[in-house]
Amino acid sequence: MAPIDIVIIGGSVAGLHIAHSVLRDVPDAKVVLINPSTSFFWNIAAPRIVAKPKAFRPEQYLLPIRDAFAGYRPDAFEFLPGVATAIDTAAKSVSVTPNKGEPKTLPYDYLVIASGSTTSATTGSLTGTSIPFKQSGRDDMEQLIEAAQGHIASAKEIVIGGAGPIGVELAGELAEAVEQSGKAGKVSITLISGTDRVLPMLKSSASSAALKILQQKKVKVVTSKQVIGVETPADDSSNWTVSLEGGDKLSADLYIPTTGATPNNSFIPAQFLDKDGWVTVNKEMRVQSTDGSILPIFAAGDITNNSMRLGFKATEQAHVAAANLKAAIVGGAAIKTYNQGDSIMMVVPIGEAGGTGQVFGFVPFSFMVRMIKGKHYFIEKAPSALAGKS
């Protein structure tokens, strides 16, 4: 029997789970996994990784993707380091530019889009300095992380734009790193919130708890001010001026934006995208085309138009997409549906000692955040995620 060709674009949590699920349960499947980086990046721990180079070893947060699939038949799985450049739905093919070698075209019977999103901090598009909170679009994660750690270690005036979970976590980690290095009083850290409080998506009591911890760590918090401009003199790339609403200006030798996410969608046909560039999916995680055609294409994770772009939500979507993809292959009906709901489950460490958050309406005590996430940022779960067991 001819193999069933399944192409998966994206080697983060969602794509990895779907690849393993299909390989385990579909004997005739041939899976090709496309990802720019040869390593899986445990980006949940990114705030601590970039702020504290000695907190974790690189092999704890950069894990070889190929090794995780060594147990499958060689003819059942192919890992292709590279970048997807186009999808041809009529020909049922994906164009790929590999990291090494000539461009190629891969046929598919079924396609999974799990290309995720990126941020301006990761790309360095605003400042020219990459602080990678996400996978980059290249095979250079170790170099990017080392460079970011160096930039942070040498900075004396750090301004963080955005007081969501990443901004707050980063501010806490940076403040602790300054204290631990003996530089207290020599390095300033300023956190800018465009709203009247930090962590505006959480209950006000969680915001108040976060503010108290940040202030204890000597982080200056500016609220109700949007960053409207970031510029540097042409002759001095390390002397930034951060302009705020109302005319205030801050000096910085390192500015780190932590707001917003941009879909990795350059290769995706426009008829699959909503007005903001995210892939439109139905509750079965099947991609929806504006022409109404039913296609053998699924999507999961940050790239979809589901608005809660959180790690555990990507995993939930991957479970649904994998189940329904397997049902489609064997000729059955969809067996799972996804509903992101409106309940917030988020724990936000602000350094190693504690933090805040919101779990189904409950604001956890600081010591609980330390035990749940703050101690190690779930880094012990990285191998399981790579193995598709999350």
# chains A, B, ... in the order shown; residues from 1 in each chain; ligands from 1

call {"tool": "residues_around", "arguments": {"residues": "A:Thr127", "least_positions_apart": "3", "cutoff": "8 Å", "atoms": "only C-alpha atoms", "output": "list in words"}}
result
Gly124, Ser130, Val230 and Tyr255 of chain A

call {"tool": "select_by_dssp", "arguments": {"residues": "stretch 133-331 of chain A", "states": "helix (DSSP H, G or I)", "output": "MDAnalysis selection string"}}
result
chainID A and resid 141:154 165:180 204:216 245:247 270:272 311:330

call {"tool": "residues_around", "arguments": {"residues": "stretch 79-93 of chain A", "least_positions_apart": "2", "cutoff": "6 Å", "atoms": "only C-alpha atoms", "output": "list in words"}}
result
Val32, Leu33, Ile34, Asn35, Pro36, Ser95, Val96, Thr97, Pro98, Asn99, Leu106, Pro107, Tyr108 and Phe267 of chain A

call {"tool": "residues_around", "arguments": {"residues": "A:Thr356", "least_positions_apart": "3", "cutoff": "6 Å", "atoms": "only C-alpha atoms", "output": "PyMOL selection string"}}
result
chain A and resi 206+348+366

call {"tool": "closest_atom_pairs", "arguments": {"of": "stretch 160-274 of chain A", "to": "stretch 305-323 of chain A", "cutoff": "12 Å", "atoms": "only C-alpha atoms", "output": "Markdown table"}}
result
| residue | atom | partner | partner_atom | distance |
| --- | --- | --- | --- | --- |
| A:Pro165 | CA | A:Leu310 | CA | 10.8 |
| A:Ile166 | CA | A:Leu310 | CA | 11.4 |
| A:Met201 | CA | A:Met308 | CA | 11.3 |
| A:Gly260 | CA | A:Arg309 | CA | 10.7 |
| A:Ala261 | CA | A:Arg309 | CA | 9.0 |
| A:Thr262 | CA | A:Arg309 | CA | 11.2 |
| A:Pro263 | CA | A:Asn305 | CA | 9.7 |
| A:Asn265 | CA | A:Asn305 | CA | 11.9 |
| A:Phe272 | CA | A:Asn305 | CA | 10.4 |
| A:Leu273 | CA | A:Asn305 | CA | 8.4 |
| A:Asp274 | CA | A:Asn305 | CA | 7.4 |

call {"tool": "residues_around", "arguments": {"residues": "A:Met368", "least_positions_apart": "5", "cutoff": "12 Å", "atoms": "only C-alpha atoms", "output": "list in words"}}
result
Val347, Val348, Pro349, Glu352, Ala353, Gly354, Gly355, Thr356, Gly357, Gln358, Val359, Phe362, Val363, Lys373, Gly374 and Lys375 of chain A

call {"tool": "closest_residue", "arguments": {"among": "A:Ala29, A:Val281, A:Val112, A:Val242", "to": "A:Ile297", "atoms": "only C-alpha atoms"}}
result
A:Val112

call {"tool": "residues_around", "arguments": {"residues": "A:Gln180", "least_positions_apart": "3", "cutoff": "12 Å", "atoms": "only C-alpha atoms", "output": "PDB file with N, CA, C and O atoms, in the first residue's frame"}}
result
ATOM      1  N   ALA A  51      18.090  36.256  30.981  1.00  0.00           N
ATOM      2  CA  ALA A  51      18.526  37.107  32.094  1.00  0.00           C
ATOM      3  C   ALA A  51      19.613  36.459  32.935  1.00  0.00           C
ATOM      4  O   ALA A  51      20.476  37.160  33.489  1.00  0.00           O
ATOM      5  N   LYS A  52      19.587  35.129  33.041  1.00  0.00           N
ATOM      6  CA  LYS A  52      20.508  34.420  33.932  1.00  0.00           C
ATOM      7  C   LYS A  52      21.158  33.264  33.163  1.00  0.00           C
ATOM      8  O   LYS A  52      20.667  32.138  33.178  1.00  0.00           O
ATOM      9  N   LYS A  54      23.448  31.258  33.672  1.00  0.00           N
ATOM     10  CA  LYS A  54      23.849  30.054  34.394  1.00  0.00           C
ATOM     11  C   LYS A  54      22.675  29.317  35.045  1.00  0.00           C
ATOM     12  O   LYS A  54      22.868  28.306  35.718  1.00  0.00           O
ATOM     13  N   ALA A  55      21.459  29.824  34.840  1.00  0.00           N
ATOM     14  CA  ALA A  55      20.301  29.195  35.482  1.00  0.00           C
ATOM     15  C   ALA A  55      20.042  27.800  34.932  1.00  0.00           C
ATOM     16  O   ALA A  55      19.678  26.883  35.676  1.00  0.00           O
ATOM     17  N   ALA A 153      23.728  41.419  29.972  1.00  0.00           N
ATOM     18  CA  ALA A 153      24.734  41.479  31.028  1.00  0.00           C
ATOM     19  C   ALA A 153      25.510  42.787  31.019  1.00  0.00           C
ATOM     20  O   ALA A 153      25.964  43.257  32.079  1.00  0.00           O
ATOM     21  N   GLU A 173      13.191  38.664  36.606  1.00  0.00           N
ATOM     22  CA  GLU A 173      14.430  37.918  36.413  1.00  0.00           C
ATOM     23  C   GLU A 173      15.634  38.845  36.293  1.00  0.00           C
ATOM     24  O   GLU A 173      16.702  38.586  36.863  1.00  0.00           O
ATOM     25  N   LEU A 174      15.469  39.936  35.556  1.00  0.00           N
ATOM     26  CA  LEU A 174      16.565  40.894  35.407  1.00  0.00           C
ATOM     27  C   LEU A 174      16.935  41.523  36.742  1.00  0.00           C
ATOM     28  O   LEU A 174      18.121  41.679  37.062  1.00  0.00           O
ATOM     29  N   ALA A 175      15.927  41.879  37.520  1.00  0.00           N
ATOM     30  CA  ALA A 175      16.196  42.497  38.824  1.00  0.00           C
ATOM     31  C   ALA A 175      16.955  41.534  39.734  1.00  0.00           C
ATOM     32  O   ALA A 175      17.891  41.940  40.444  1.00  0.00           O
ATOM     33  N   GLU A 176      16.570  40.278  39.720  1.00  0.00           N
ATOM     34  CA  GLU A 176      17.295  39.291  40.532  1.00  0.00           C
ATOM     35  C   GLU A 176      18.714  39.090  40.021  1.00  0.00           C
ATOM     36  O   GLU A 176      19.653  38.947  40.814  1.00  0.00           O
ATOM     37  N   ALA A 177      18.875  39.069  38.699  1.00  0.00           N
ATOM     38  CA  ALA A 177      20.215  38.895  38.129  1.00  0.00           C
ATOM     39  C   ALA A 177      21.129  40.039  38.535  1.00  0.00           C
ATOM     40  O   ALA A 177      22.312  39.828  38.842  1.00  0.00           O
ATOM     41  N   LYS A 183      25.522  44.042  41.290  1.00  0.00           N
ATOM     42  CA  LYS A 183      25.412  45.320  40.591  1.00  0.00           C
ATOM     43  C   LYS A 183      24.249  46.173  41.090  1.00  0.00           C
ATOM     44  O   LYS A 183      23.836  47.121  40.413  1.00  0.00           O
ATOM     45  N   ALA A 184      23.694  45.832  42.230  1.00  0.00           N
ATOM     46  CA  ALA A 184      22.565  46.586  42.767  1.00  0.00           C
ATOM     47  C   ALA A 184      22.923  48.064  42.860  1.00  0.00           C
ATOM     48  O   ALA A 184      23.983  48.435  43.363  1.00  0.00           O
ATOM     49  N   LYS A 217      11.795  44.677  44.257  1.00  0.00           N
ATOM     50  CA  LYS A 217      13.008  44.339  43.516  1.00  0.00           C
ATOM     51  C   LYS A 217      13.632  45.556  42.837  1.00  0.00           C
ATOM     52  O   LYS A 217      14.547  45.425  42.012  1.00  0.00           O
ATOM     53  N   GLY A 351      10.725  36.393  39.368  1.00  0.00           N
ATOM     54  CA  GLY A 351      11.932  35.940  40.035  1.00  0.00           C
ATOM     55  C   GLY A 351      11.712  34.546  40.607  1.00  0.00           C
ATOM     56  O   GLY A 351      10.663  33.924  40.434  1.00  0.00           O
ATOM     57  N   GLU A 352      12.704  34.061  41.301  1.00  0.00           N
ATOM     58  CA  GLU A 352      12.698  32.686  41.788  1.00  0.00           C
ATOM     59  C   GLU A 352      11.863  32.488  43.047  1.00  0.00           C
ATOM     60  O   GLU A 352      11.447  31.372  43.348  1.00  0.00           O
TER      61      GLU A 352
END

call {"tool": "select_by_dssp", "arguments": {"residues": "stretch 59-113 of chain A", "states": "strand (DSSP E)", "output": "ChimeraX atom specification"}}
result
/A:62-64,77-88,93-98,104-107,110-113

call {"tool": "residues_around", "arguments": {"residues": "A:His151", "least_positions_apart": "3", "cutoff": "10 Å", "atoms": "only C-alpha atoms", "output": "list in words"}}
result
Val50, Ala51, Thr129, Ser130, Ile131, Ile145, Glu146, Ala147, Ala148, Ser154, Ala155, Ser238, Asp253 and Leu254 of chain A

call {"tool": "closest_residue", "arguments": {"among": "A:Ala300, A:Leu63, A:Val168, A:Leu211", "to": "A:Gly15", "atoms": "only C-alpha atoms"}}
result
A:Ala300

call {"tool": "closest_residue", "arguments": {"among": "A:Gly194, A:Gly341, A:Gly164, A:Pro257", "to": "A:Ser120", "atoms": "only C-alpha atoms"}}
result
A:Pro257

call {"tool": "closest_residue", "arguments": {"among": "A:Leu386, A:Gln226, A:Ile8, A:Ile350", "to": "A:Arg370", "atoms": "only C-alpha atoms"}}
result
A:Ile350

call {"tool": "atom_distance", "arguments": {"atom1": "atom CA of A:Ala121", "atom2": "atom CA of A:Phe56"}}
result
21.1 Å

call {"tool": "closest_residue", "arguments": {"among": "A:Ala2, A:Val279, A:Ala76, A:Ile344", "to": "A:Arg24", "atoms": "only C-alpha atoms"}}
result
A:Ala76
